[in-house]
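Asker: This is entry.csv, which holds CSV, C-alpha atoms and all ligand atoms:
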chain,number,residue,atom,x,y,z
O,1,MET,CA,130.9,-8.2,120.2
O,2,THR,CA,132.5,-7.8,116.8
O,3,ASP,CA,131.6,-10.1,114.0
O,4,SER,CA,133.5,-13.1,112.7
O,5,LYS,CA,136.6,-12.5,110.6
O,6,LEU,CA,135.8,-15.6,108.6
O,7,ILE,CA,133.2,-13.8,106.5
O,8,SER,CA,133.8,-13.1,102.8
O,9,ALA,CA,130.7,-11.1,102.2
O,10,THR,CA,128.2,-8.8,104.0
O,11,VAL,CA,124.5,-8.4,103.0
O,12,LEU,CA,122.8,-6.8,106.0
O,13,SER,CA,119.2,-7.5,106.7
O,14,PRO,CA,116.8,-4.8,108.0
O,15,ASN,CA,115.1,-7.5,110.1
O,16,PHE,CA,116.7,-7.6,113.6
O,17,THR,CA,116.3,-6.5,117.2
O,18,ALA,CA,119.0,-4.0,118.2
O,19,ASP,CA,121.5,-5.0,120.9
O,20,ARG,CA,119.6,-8.3,121.8
O,21,LYS,CA,117.4,-6.1,124.1
O,22,LEU,CA,114.0,-7.1,125.3
O,23,ASN,CA,112.1,-4.8,127.7
O,24,GLY,CA,115.5,-3.1,128.6
O,25,VAL,CA,117.2,-6.4,129.3
O,26,GLN,CA,120.2,-7.3,127.2
O,27,TYR,CA,120.8,-11.0,126.6
O,28,GLU,CA,124.2,-12.7,126.4
O,29,VAL,CA,125.2,-15.1,123.6
O,30,ASP,CA,125.4,-18.7,124.9
O,31,THR,CA,123.8,-20.6,122.1
O,32,ILE,CA,124.4,-21.4,118.4
O,33,THR,CA,121.5,-22.5,116.2
O,34,PRO,CA,122.1,-24.1,112.8
O,35,HIS,CA,119.3,-23.9,110.2
O,36,CYS,CA,118.8,-25.3,106.7
O,37,THR,CA,117.6,-23.3,103.8
O,38,ALA,CA,115.6,-26.1,102.1
O,39,GLY,CA,116.4,-24.6,98.7
O,40,SER,CA,119.6,-25.6,96.9
O,41,LYS,CA,122.7,-26.9,98.7
O,42,ASP,CA,124.8,-25.2,96.0
O,43,SER,CA,123.4,-21.7,96.7
O,44,THR,CA,126.1,-19.1,97.4
O,45,CYS,CA,126.2,-17.4,100.8
O,46,VAL,CA,125.1,-14.1,99.2
O,47,GLN,CA,122.1,-15.9,97.5
O,48,VAL,CA,121.1,-17.2,100.9
O,49,ALA,CA,121.6,-13.8,102.5
O,50,ASN,CA,119.6,-11.9,99.8
O,51,VAL,CA,116.4,-13.7,100.9
O,52,PHE,CA,116.5,-11.7,104.1
O,53,SER,CA,117.1,-8.3,102.5
O,54,SER,CA,113.3,-7.7,102.1
O,55,LYS,CA,111.6,-6.1,105.1
O,56,ALA,CA,108.4,-7.9,104.2
O,57,ARG,CA,110.1,-11.2,104.7
O,58,GLN,CA,110.3,-10.5,108.5
O,59,ALA,CA,113.1,-13.0,108.9
O,60,SER,CA,116.9,-13.0,109.1
O,61,CYS,CA,119.9,-14.9,110.5
O,62,ASN,CA,123.3,-13.7,111.9
O,63,TYR,CA,125.3,-15.7,109.2
O,64,ALA,CA,124.6,-17.4,106.0
O,65,ILE,CA,126.8,-20.3,104.7
O,66,GLY,CA,126.9,-21.1,101.0
O,67,GLY,CA,127.4,-24.5,99.4
O,68,ASP,CA,131.1,-23.8,98.9
O,69,GLY,CA,131.5,-22.9,102.6
O,70,ALA,CA,131.8,-19.2,102.1
O,71,ILE,CA,130.2,-17.1,105.0
O,72,CYS,CA,128.1,-14.0,104.7
O,73,LEU,CA,127.3,-11.6,107.6
O,74,VAL,CA,123.5,-10.9,107.6
O,75,VAL,CA,122.8,-9.5,111.1
O,76,HIS,CA,125.6,-8.2,113.4
O,77,GLU,CA,126.3,-10.5,116.3
O,78,LYS,CA,125.5,-7.8,118.8
O,79,ASP,CA,121.9,-7.8,117.4
O,80,ARG,CA,119.2,-10.5,117.7
O,81,SER,CA,118.3,-12.1,114.3
O,82,TRP,CA,114.7,-13.2,113.5
O,83,CYS,CA,115.5,-16.8,112.7
O,84,SER,CA,114.2,-19.5,115.0
O,85,GLY,CA,110.6,-18.4,115.6
O,86,GLY,CA,107.4,-20.2,114.7
O,87,LEU,CA,105.1,-20.6,117.6
O,88,THR,CA,104.0,-18.0,120.2
O,89,ALA,CA,104.6,-18.3,123.9
O,90,ASP,CA,101.0,-19.4,124.4
O,91,GLN,CA,101.3,-22.0,121.6
O,92,MET,CA,104.5,-23.3,123.0
O,93,LYS,CA,103.0,-23.5,126.5
O,94,LYS,CA,100.1,-25.6,125.2
O,95,LEU,CA,102.4,-27.9,123.2
O,96,ARG,CA,105.2,-28.3,125.7
O,97,GLY,CA,104.3,-26.7,129.0
O,98,ASN,CA,106.8,-24.3,130.4
O,99,TYR,CA,109.0,-23.8,127.4
O,100,GLU,CA,111.1,-21.2,125.7
O,101,THR,CA,110.0,-19.7,122.4
O,102,GLY,CA,112.2,-19.5,119.3
O,103,SER,CA,112.4,-15.8,119.5
O,104,MET,CA,113.8,-16.1,123.1
O,105,ASN,CA,116.2,-18.6,121.7
O,106,ASP,CA,117.4,-16.0,119.2
O,107,TYR,CA,118.1,-13.4,122.0
O,108,HIS,CA,120.7,-15.8,123.2
O,109,ALA,CA,121.8,-17.4,119.9
O,110,ILE,CA,124.0,-16.8,116.9
O,111,THR,CA,121.8,-18.2,114.1
O,112,VAL,CA,123.4,-19.7,111.0
O,113,GLU,CA,121.5,-20.5,107.8
O,114,ILE,CA,123.2,-23.2,105.9
O,115,ALA,CA,122.5,-23.8,102.1
O,116,SER,CA,120.6,-27.1,101.8
O,117,ASP,CA,118.5,-29.0,99.3
O,118,THR,CA,114.8,-29.5,99.8
O,119,SER,CA,115.1,-33.2,99.6
O,120,GLY,CA,116.6,-34.6,102.8
O,121,ASN,CA,117.9,-31.1,103.4
O,122,THR,CA,121.3,-32.3,102.2
O,123,VAL,CA,124.2,-30.0,102.8
O,124,ASN,CA,127.6,-29.9,101.1
O,125,ALA,CA,130.6,-31.1,103.3
O,126,ALA,CA,132.3,-27.8,102.7
O,127,ALA,CA,129.3,-26.0,104.4
O,128,ILE,CA,129.4,-28.4,107.4
O,129,GLU,CA,133.2,-27.8,107.8
O,130,SER,CA,132.6,-24.1,107.5
O,131,PHE,CA,129.9,-24.2,110.2
O,132,ILE,CA,132.3,-26.0,112.5
O,133,ALA,CA,135.0,-23.4,111.9
O,134,LEU,CA,132.5,-20.5,112.5
O,135,SER,CA,131.3,-22.2,115.7
O,136,ILE,CA,134.9,-22.5,117.0
O,137,ASP,CA,135.6,-18.9,116.1
O,138,ILE,CA,132.4,-17.7,117.8
O,139,MET,CA,133.2,-19.8,120.9
O,140,GLU,CA,136.8,-18.5,121.2
O,141,ARG,CA,135.6,-14.9,121.0
O,142,TYR,CA,133.0,-15.4,123.7
O,143,GLY,CA,135.4,-17.3,126.0
O,144,LYS,CA,133.8,-20.7,125.6
O,145,ASN,CA,135.6,-24.0,125.3
O,146,ARG,CA,132.9,-26.7,125.3
O,147,ALA,CA,130.1,-27.3,122.9
O,148,VAL,CA,127.1,-28.9,124.6
O,149,PHE,CA,124.4,-30.8,122.7
O,150,ILE,CA,122.5,-33.6,124.5
O,151,TYR,CA,120.5,-36.2,122.7
O,152,THR,CA,117.5,-37.4,124.6
O,153,SER,CA,114.7,-39.8,123.7
O,154,ASP,CA,112.1,-37.1,124.1
O,155,ASN,CA,113.0,-35.6,120.7
O,156,ASN,CA,111.6,-32.2,121.5
O,157,GLY,CA,114.8,-30.8,122.8
O,158,GLU,CA,113.6,-30.3,126.3
O,159,ALA,CA,117.0,-31.2,127.8
O,160,MET,CA,118.8,-28.6,125.7
O,161,VAL,CA,116.2,-25.9,125.7
O,162,ASN,CA,116.1,-25.9,129.5
O,163,TYR,CA,119.8,-26.4,129.8
O,164,LYS,CA,121.6,-23.5,131.5
O,165,PRO,CA,125.2,-23.4,130.2
O,166,GLN,CA,128.2,-23.0,132.4
O,167,PRO,CA,130.2,-19.9,131.6
O,168,ASN,CA,132.6,-21.9,129.5
O,169,GLU,CA,129.9,-23.7,127.5
O,170,MET,CA,128.1,-22.9,124.3
O,171,LYS,CA,124.9,-24.8,123.8
O,172,PHE,CA,123.4,-25.8,120.4
O,173,THR,CA,119.7,-25.8,119.6
O,174,TRP,CA,117.5,-26.8,116.7
O,175,HIS,CA,114.6,-24.7,115.2
O,176,ARG,CA,112.3,-27.7,115.1
O,177,TRP,CA,112.0,-27.5,118.9
O,178,PHE,CA,110.3,-24.1,118.6
O,179,ALA,CA,108.2,-24.5,115.4
O,180,GLN,CA,106.4,-27.1,113.4
O,181,LYS,CA,109.4,-27.4,111.1
O,182,ALA,CA,111.9,-30.0,110.0
O,183,CYS,CA,114.8,-27.5,110.4
O,184,PRO,CA,117.7,-28.1,110.6
O,185,GLY,CA,116.7,-31.1,108.5
O,186,LYS,CA,117.8,-34.7,108.4
O,187,TYR,CA,121.3,-34.1,107.1
O,188,ILE,CA,122.5,-31.6,109.7
O,189,MET,CA,120.7,-33.7,112.4
O,190,ASP,CA,122.6,-36.8,111.3
O,191,HIS,CA,125.8,-34.8,111.3
O,192,MET,CA,125.2,-33.0,114.6
O,193,GLN,CA,127.3,-35.4,116.7
O,194,TYR,CA,130.2,-35.1,114.2
O,195,ILE,CA,129.9,-31.3,114.4
O,196,ILE,CA,129.9,-31.2,118.2
O,197,ASP,CA,132.8,-33.7,118.3
O,198,LYS,CA,135.0,-31.7,115.9
O,199,ILE,CA,134.4,-28.5,117.9
O,200,ASN,CA,135.2,-30.2,121.2
O,201,GLU,CA,138.2,-32.0,119.7
O,202,HIS,CA,139.6,-28.5,118.7
O,203,PHE,CA,139.3,-27.2,122.3
O,204,GLU,CA,140.5,-30.5,123.9
O,205,LYS,CA,143.6,-30.3,121.7
O,206,ALA,CA,144.2,-26.7,122.8
O,207,GLU,CA,143.8,-27.8,126.4
O,208,GLN,CA,146.2,-30.7,125.9
O,209,VAL,CA,148.9,-28.3,124.5
O,210,ASN,CA,148.4,-26.1,127.6
O,211,GLU,CA,148.7,-29.1,130.0
O,212,ASP,CA,151.8,-30.4,128.2
O,213,GLN,CA,153.5,-27.0,128.6
O,214,THR,CA,152.6,-27.0,132.3
O,215,ALA,CA,153.9,-30.5,132.8
O,216,VAL,CA,157.3,-29.5,131.4
O,217,THR,CA,157.7,-26.7,133.8
O,218,SER,CA,156.1,-28.3,136.9
O,219,ASP,CA,156.9,-31.9,137.8
O,220,THR,CA,155.4,-31.7,141.2
O,221,THR,CA,152.0,-30.5,139.9
O,222,ASP,CA,152.1,-33.3,137.3
O,223,ALA,CA,152.7,-35.9,140.0
O,224,ALA,CA,149.9,-34.6,142.1
O,225,GLU,CA,147.5,-34.7,139.1
O,226,ASN,CA,148.5,-38.2,138.3
O,227,SER,CA,147.9,-39.5,141.8
O,228,GLY,CA,144.5,-37.8,141.7
O,229,THR,CA,143.6,-39.4,138.4
O,230,SER,CA,144.6,-42.9,139.6
O,231,GLU,CA,141.9,-42.7,142.3
O,232,LEU,CA,139.2,-42.9,139.6
O,233,LYS,CA,137.8,-46.3,139.1
O,234,TYR,CA,137.6,-46.0,135.3
O,235,LYS,CA,139.9,-44.5,132.7
O,236,THR,CA,139.4,-42.9,129.3
O,237,GLY,CA,138.6,-45.6,126.7
O,238,ASP,CA,137.1,-48.0,129.2
O,239,LEU,CA,133.9,-49.7,128.1
O,240,VAL,CA,131.2,-49.6,130.8
O,241,TYR,CA,127.5,-50.2,131.3
O,242,PHE,CA,125.6,-47.0,132.1
O,243,ILE,CA,122.7,-48.2,134.3
O,244,GLY,CA,120.6,-45.1,133.4
O,245,GLY,CA,120.3,-41.9,135.3
O,246,SER,CA,121.4,-38.3,135.2
O,247,GLN,CA,123.9,-36.8,132.8
O,248,PHE,CA,125.5,-33.4,133.3
O,249,GLY,CA,126.8,-30.7,130.9
O,250,SER,CA,130.1,-30.5,132.8
O,251,ALA,CA,132.1,-32.4,135.4
O,252,ASN,CA,131.2,-29.9,138.1
O,253,ALA,CA,127.6,-28.9,137.0
O,254,SER,CA,125.2,-28.5,139.9
O,255,ASN,CA,122.0,-29.6,138.1
O,256,PRO,CA,121.5,-32.5,135.7
O,257,ALA,CA,121.0,-31.7,132.0
O,258,GLY,CA,118.7,-34.7,131.6
O,259,GLU,CA,117.8,-38.2,132.5
O,260,VAL,CA,119.2,-40.8,130.1
O,261,LYS,CA,118.3,-44.5,129.5
O,262,ALA,CA,120.7,-47.4,130.2
O,263,SER,CA,123.1,-48.5,127.5
O,264,LEU,CA,126.7,-49.6,126.9
O,265,ALA,CA,129.0,-46.6,127.0
O,266,LYS,CA,132.6,-45.6,126.5
O,267,ILE,CA,134.5,-43.3,128.9
O,268,THR,CA,135.6,-40.5,126.6
O,269,GLN,CA,137.1,-38.2,129.3
O,270,THR,CA,137.8,-38.2,133.0
O,271,TYR,CA,138.0,-35.3,135.4
O,272,ASN,CA,138.3,-35.1,139.2
O,273,GLY,CA,135.0,-33.3,139.7
O,274,LYS,CA,131.5,-34.0,141.0
O,275,HIS,CA,130.7,-36.1,138.0
O,276,PRO,CA,134.1,-37.6,137.0
O,277,TYR,CA,133.2,-39.5,133.8
O,278,HIS,CA,132.3,-38.2,130.4
O,279,CYS,CA,130.5,-41.1,128.6
O,280,ARG,CA,129.1,-41.7,125.2
O,281,ARG,CA,126.7,-44.5,124.2
O,282,VAL,CA,128.3,-47.2,122.1
O,283,ASN,CA,127.0,-50.4,120.4
O,284,SER,CA,128.4,-53.9,121.2
O,285,GLN,CA,131.3,-53.2,118.8
O,286,GLY,CA,132.3,-50.2,120.8
O,287,GLU,CA,131.2,-47.7,118.1
O,288,PHE,CA,129.6,-44.5,119.1
O,289,ILE,CA,125.8,-44.3,118.4
O,290,VAL,CA,123.3,-41.5,119.1
O,291,GLY,CA,120.3,-41.6,121.3
O,292,GLY,CA,121.8,-42.3,124.8
O,293,ILE,CA,124.3,-41.0,127.3
O,294,TYR,CA,126.5,-38.2,125.9
O,295,GLY,CA,127.7,-36.2,128.8
O,296,TRP,CA,129.2,-36.3,132.3
O,297,THR,CA,128.0,-38.7,134.9
O,298,ASP,CA,128.7,-40.2,138.4
O,299,GLU,CA,130.6,-43.4,139.2
O,300,ALA,CA,127.4,-44.8,140.9
O,301,ASN,CA,125.7,-44.8,137.4
O,302,LEU,CA,128.4,-47.1,135.9
O,303,THR,CA,129.2,-50.7,136.2
O,304,THR,CA,131.2,-53.3,134.1
N,401,ZN,ZN,115.3,-22.9,110.7
What does the file become when written as structure tokens?
Answerer:
Amino acid sequence: MTDSKLISATVLSPNFTADRKLNGVQYEVDTITPHCTAGSKDSTCVQVANVFSSKARQASCNYAIGGDGAICLVVHEKDRSWCSGGLTADQMKKLRGNYETGSMNDYHAITVEIASDTSGNTVNAAAIESFIALSIDIMERYGKNRAVFIYTSDNNGEAMVNYKPQPNEMKFTWHRWFAQKACPGKYIMDHMQYIIDKINEHFEKAEQVNEDQTAVTSDTTDAAENSGTSELKYKTGDLVYFIGGSQFGSANASNPAGEVKASLAKITQTYNGKHPYHCRRVNSQGEFIVGGIYGWTDEANLTT
């Protein structure tokens, strides 16, 4: 795969594994992992990238984003960066059981270092917006149209680390799940839902444009779709009570992405699939909050 056209600088690091190859096996990109630099949120992307120029550092990332949102290429996308490591396979096994390591994450991931302060790992809004744009660009080039990030109460990322994305999905992971680190830090963590929503809004808008174009040319298909949709008990925007249970990464996923506790929820999307309702946890005012359902689920898990 070629690199992003959104870059304005290139400072290549000598620290990478060629062609994402481990023991002769080449890994496909299906993950994006944001990191924080814990230095200064106003660093330029080249300043962030320069840190990885030394071989002794034994670390790198695919892209570095500066405080002004500019992006620097550090490791070509075709290669594995050395970014999300921390604990060995044995250490991870002791800590979390059967669990992937950060280096395995990087065989699958495009890693992005984002300029952040040490205190609270605060990041400039321009850098967050740039990370969203870069993620969309990456997903479009790899043929993905849905960002998947599932919040669970376990807080160790198990639902995401073990999640096997569908061909159209890009999953997002955090460094802290593979190492004793705060990365990506409080600020990015607090903005993660905003990031995922903005990415998915982009792709949903693109899908809507396609559907509208289809509707103009095909009234019969449109009518059939409408009658299909009307069979669903709930519609987008409905407030429901999620009784607790499995959530899925897509409407037709075979295996659950995790078990989620009960809460109020809002239907954010419907689809005539195995798990027809995309729901998100809300408070009693109907405002989205984190830490509950955020994915597709079955009608049997919903009540009013
Ligand atoms: Zn990190």
Asker: Please report, as CSV, each residue of chain O lying at most 9 Å from ligand ZN 401 (chain N), together with the nearest pair of atoms and the separation in Å rounded to one decimal; use all atoms listed in the file, and order rows by chain and ascending residue number.
Answerer:
residue,atom,partner,partner_atom,distance
O:Thr33,CA,N:ZN401,ZN,8.3
O:Pro34,CA,N:ZN401,ZN,7.2
O:His35,CA,N:ZN401,ZN,4.2
O:Cys36,CA,N:ZN401,ZN,5.8
O:Thr37,CA,N:ZN401,ZN,7.3
O:Cys83,CA,N:ZN401,ZN,6.4
O:Ser84,CA,N:ZN401,ZN,5.6
O:Gly85,CA,N:ZN401,ZN,8.1
O:Thr111,CA,N:ZN401,ZN,8.7
O:Val112,CA,N:ZN401,ZN,8.7
O:Glu113,CA,N:ZN401,ZN,7.3
O:Trp174,CA,N:ZN401,ZN,7.5
O:His175,CA,N:ZN401,ZN,4.9
O:Arg176,CA,N:ZN401,ZN,7.2
O:Ala179,CA,N:ZN401,ZN,8.7
O:Lys181,CA,N:ZN401,ZN,7.4
O:Ala182,CA,N:ZN401,ZN,7.9
O:Cys183,CA,N:ZN401,ZN,4.6
O:Pro184,CA,N:ZN401,ZN,5.7
O:Gly185,CA,N:ZN401,ZN,8.6
Asker: Suppose you want the space between atom CA of Thr88 of chain O and atom CA of Ser103 of chain O; what is it in Å?
Answerer: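 Going from atom CA of Thr88 of chain O over to atom CA of Ser103 of chain O covers 8.7 Å.
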Asker: Which residues come within 10 Å of segment 271-279 of chain O, counting all atoms listed in the file, excluding same-chain residues fewer than 5 positions away, as a ChimeraX atom specification?
Answerer: /O:225,228-229,231-242,246-254,264-266,292-302
Asker: Kindly give the distance, in Å, that separates atom CA of Ala262 of chain O and atom CA of Tyr151 of chain O, rounded to a single decimal.
Answerer: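 According to the coordinates, atom CA of Ala262 of chain O and atom CA of Tyr151 of chain O are separated by 13.5 Å.
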Asker: Rounded to one decimal place, report the atom CA of Leu22 of chain O-atom CA of Ile138 of chain O distance in Å.
Answerer: 22.5 Å
Asker: Please complete segment 175-209 of chain O with N, CA and C atoms and give it back as a CSV table (one decimal), in the coordinates of the input.
Answerer:
chain,number,residue,atom,x,y,z
O,175,HIS,N,115.9,-25.5,115.4
O,175,HIS,CA,114.6,-24.7,115.2
O,175,HIS,C,113.4,-25.6,115.4
O,176,ARG,N,113.4,-26.8,115.0
O,176,ARG,CA,112.3,-27.7,115.1
O,176,ARG,C,111.7,-27.8,116.5
O,177,TRP,N,112.5,-27.4,117.5
O,177,TRP,CA,112.0,-27.5,118.9
O,177,TRP,C,111.1,-26.3,119.2
O,178,PHE,N,111.1,-25.3,118.4
O,178,PHE,CA,110.3,-24.1,118.6
O,178,PHE,C,109.2,-23.9,117.5
O,179,ALA,N,109.1,-24.7,116.6
O,179,ALA,CA,108.2,-24.5,115.4
O,179,ALA,C,107.9,-25.9,114.8
O,180,GLN,N,106.8,-25.9,114.1
O,180,GLN,CA,106.4,-27.1,113.4
O,180,GLN,C,107.2,-27.2,112.1
O,181,LYS,N,108.5,-27.4,112.2
O,181,LYS,CA,109.4,-27.4,111.1
O,181,LYS,C,110.3,-28.6,111.2
O,182,ALA,N,110.9,-29.0,110.0
O,182,ALA,CA,111.9,-30.0,110.0
O,182,ALA,C,113.3,-29.5,110.3
O,183,CYS,N,113.5,-28.2,110.2
O,183,CYS,CA,114.8,-27.5,110.4
O,183,CYS,C,115.5,-27.9,111.7
O,184,PRO,N,116.7,-28.2,111.7
O,184,PRO,CA,117.7,-28.1,110.6
O,184,PRO,C,117.8,-29.2,109.5
O,185,GLY,N,116.8,-30.1,109.6
O,185,GLY,CA,116.7,-31.1,108.5
O,185,GLY,C,117.6,-32.3,108.8
O,186,LYS,N,117.2,-33.4,108.1
O,186,LYS,CA,117.8,-34.7,108.4
O,186,LYS,C,119.3,-34.7,108.3
O,187,TYR,N,119.9,-34.0,107.3
O,187,TYR,CA,121.3,-34.1,107.1
O,187,TYR,C,122.1,-33.5,108.2
O,188,ILE,N,121.7,-32.3,108.6
O,188,ILE,CA,122.5,-31.6,109.7
O,188,ILE,C,122.2,-32.4,111.0
O,189,MET,N,121.0,-32.9,111.2
O,189,MET,CA,120.7,-33.7,112.4
O,189,MET,C,121.6,-34.9,112.5
O,190,ASP,N,121.7,-35.6,111.3
O,190,ASP,CA,122.6,-36.8,111.3
O,190,ASP,C,124.0,-36.5,111.5
O,191,HIS,N,124.4,-35.2,111.2
O,191,HIS,CA,125.8,-34.8,111.3
O,191,HIS,C,126.1,-34.0,112.6
O,192,MET,N,125.1,-33.9,113.4
O,192,MET,CA,125.2,-33.0,114.6
O,192,MET,C,126.3,-33.5,115.6
O,193,GLN,N,126.3,-34.9,115.8
O,193,GLN,CA,127.3,-35.4,116.7
O,193,GLN,C,128.7,-35.2,116.1
O,194,TYR,N,128.9,-35.4,114.8
O,194,TYR,CA,130.2,-35.1,114.2
O,194,TYR,C,130.6,-33.6,114.4
O,195,ILE,N,129.6,-32.7,114.2
O,195,ILE,CA,129.9,-31.3,114.4
O,195,ILE,C,130.4,-31.0,115.8
O,196,ILE,N,129.6,-31.5,116.8
O,196,ILE,CA,129.9,-31.2,118.2
O,196,ILE,C,131.3,-31.8,118.5
O,197,ASP,N,131.5,-33.0,118.0
O,197,ASP,CA,132.8,-33.7,118.3
O,197,ASP,C,134.0,-32.9,117.8
O,198,LYS,N,133.9,-32.5,116.5
O,198,LYS,CA,135.0,-31.7,115.9
O,198,LYS,C,135.3,-30.4,116.7
O,199,ILE,N,134.2,-29.8,117.1
O,199,ILE,CA,134.4,-28.5,117.9
O,199,ILE,C,135.1,-28.8,119.2
O,200,ASN,N,134.6,-29.9,119.9
O,200,ASN,CA,135.2,-30.2,121.2
O,200,ASN,C,136.6,-30.7,121.0
O,201,GLU,N,136.9,-31.5,120.0
O,201,GLU,CA,138.2,-32.0,119.7
O,201,GLU,C,139.2,-30.8,119.6
O,202,HIS,N,138.8,-29.7,118.9
O,202,HIS,CA,139.6,-28.5,118.7
O,202,HIS,C,140.0,-28.0,120.1
O,203,PHE,N,139.0,-27.8,121.0
O,203,PHE,CA,139.3,-27.2,122.3
O,203,PHE,C,140.1,-28.2,123.2
O,204,GLU,N,139.8,-29.5,123.1
O,204,GLU,CA,140.5,-30.5,123.9
O,204,GLU,C,142.0,-30.5,123.5
O,205,LYS,N,142.3,-30.4,122.2
O,205,LYS,CA,143.6,-30.3,121.7
O,205,LYS,C,144.3,-29.1,122.3
O,206,ALA,N,143.6,-28.0,122.2
O,206,ALA,CA,144.2,-26.7,122.8
O,206,ALA,C,144.5,-26.9,124.2
O,207,GLU,N,143.6,-27.5,125.0
O,207,GLU,CA,143.8,-27.8,126.4
O,207,GLU,C,145.0,-28.7,126.6
O,208,GLN,N,145.1,-29.7,125.8
O,208,GLN,CA,146.2,-30.7,125.9
O,208,GLN,C,147.6,-30.0,125.7
O,209,VAL,N,147.6,-29.1,124.8
O,209,VAL,CA,148.9,-28.3,124.5
O,209,VAL,C,149.2,-27.5,125.8
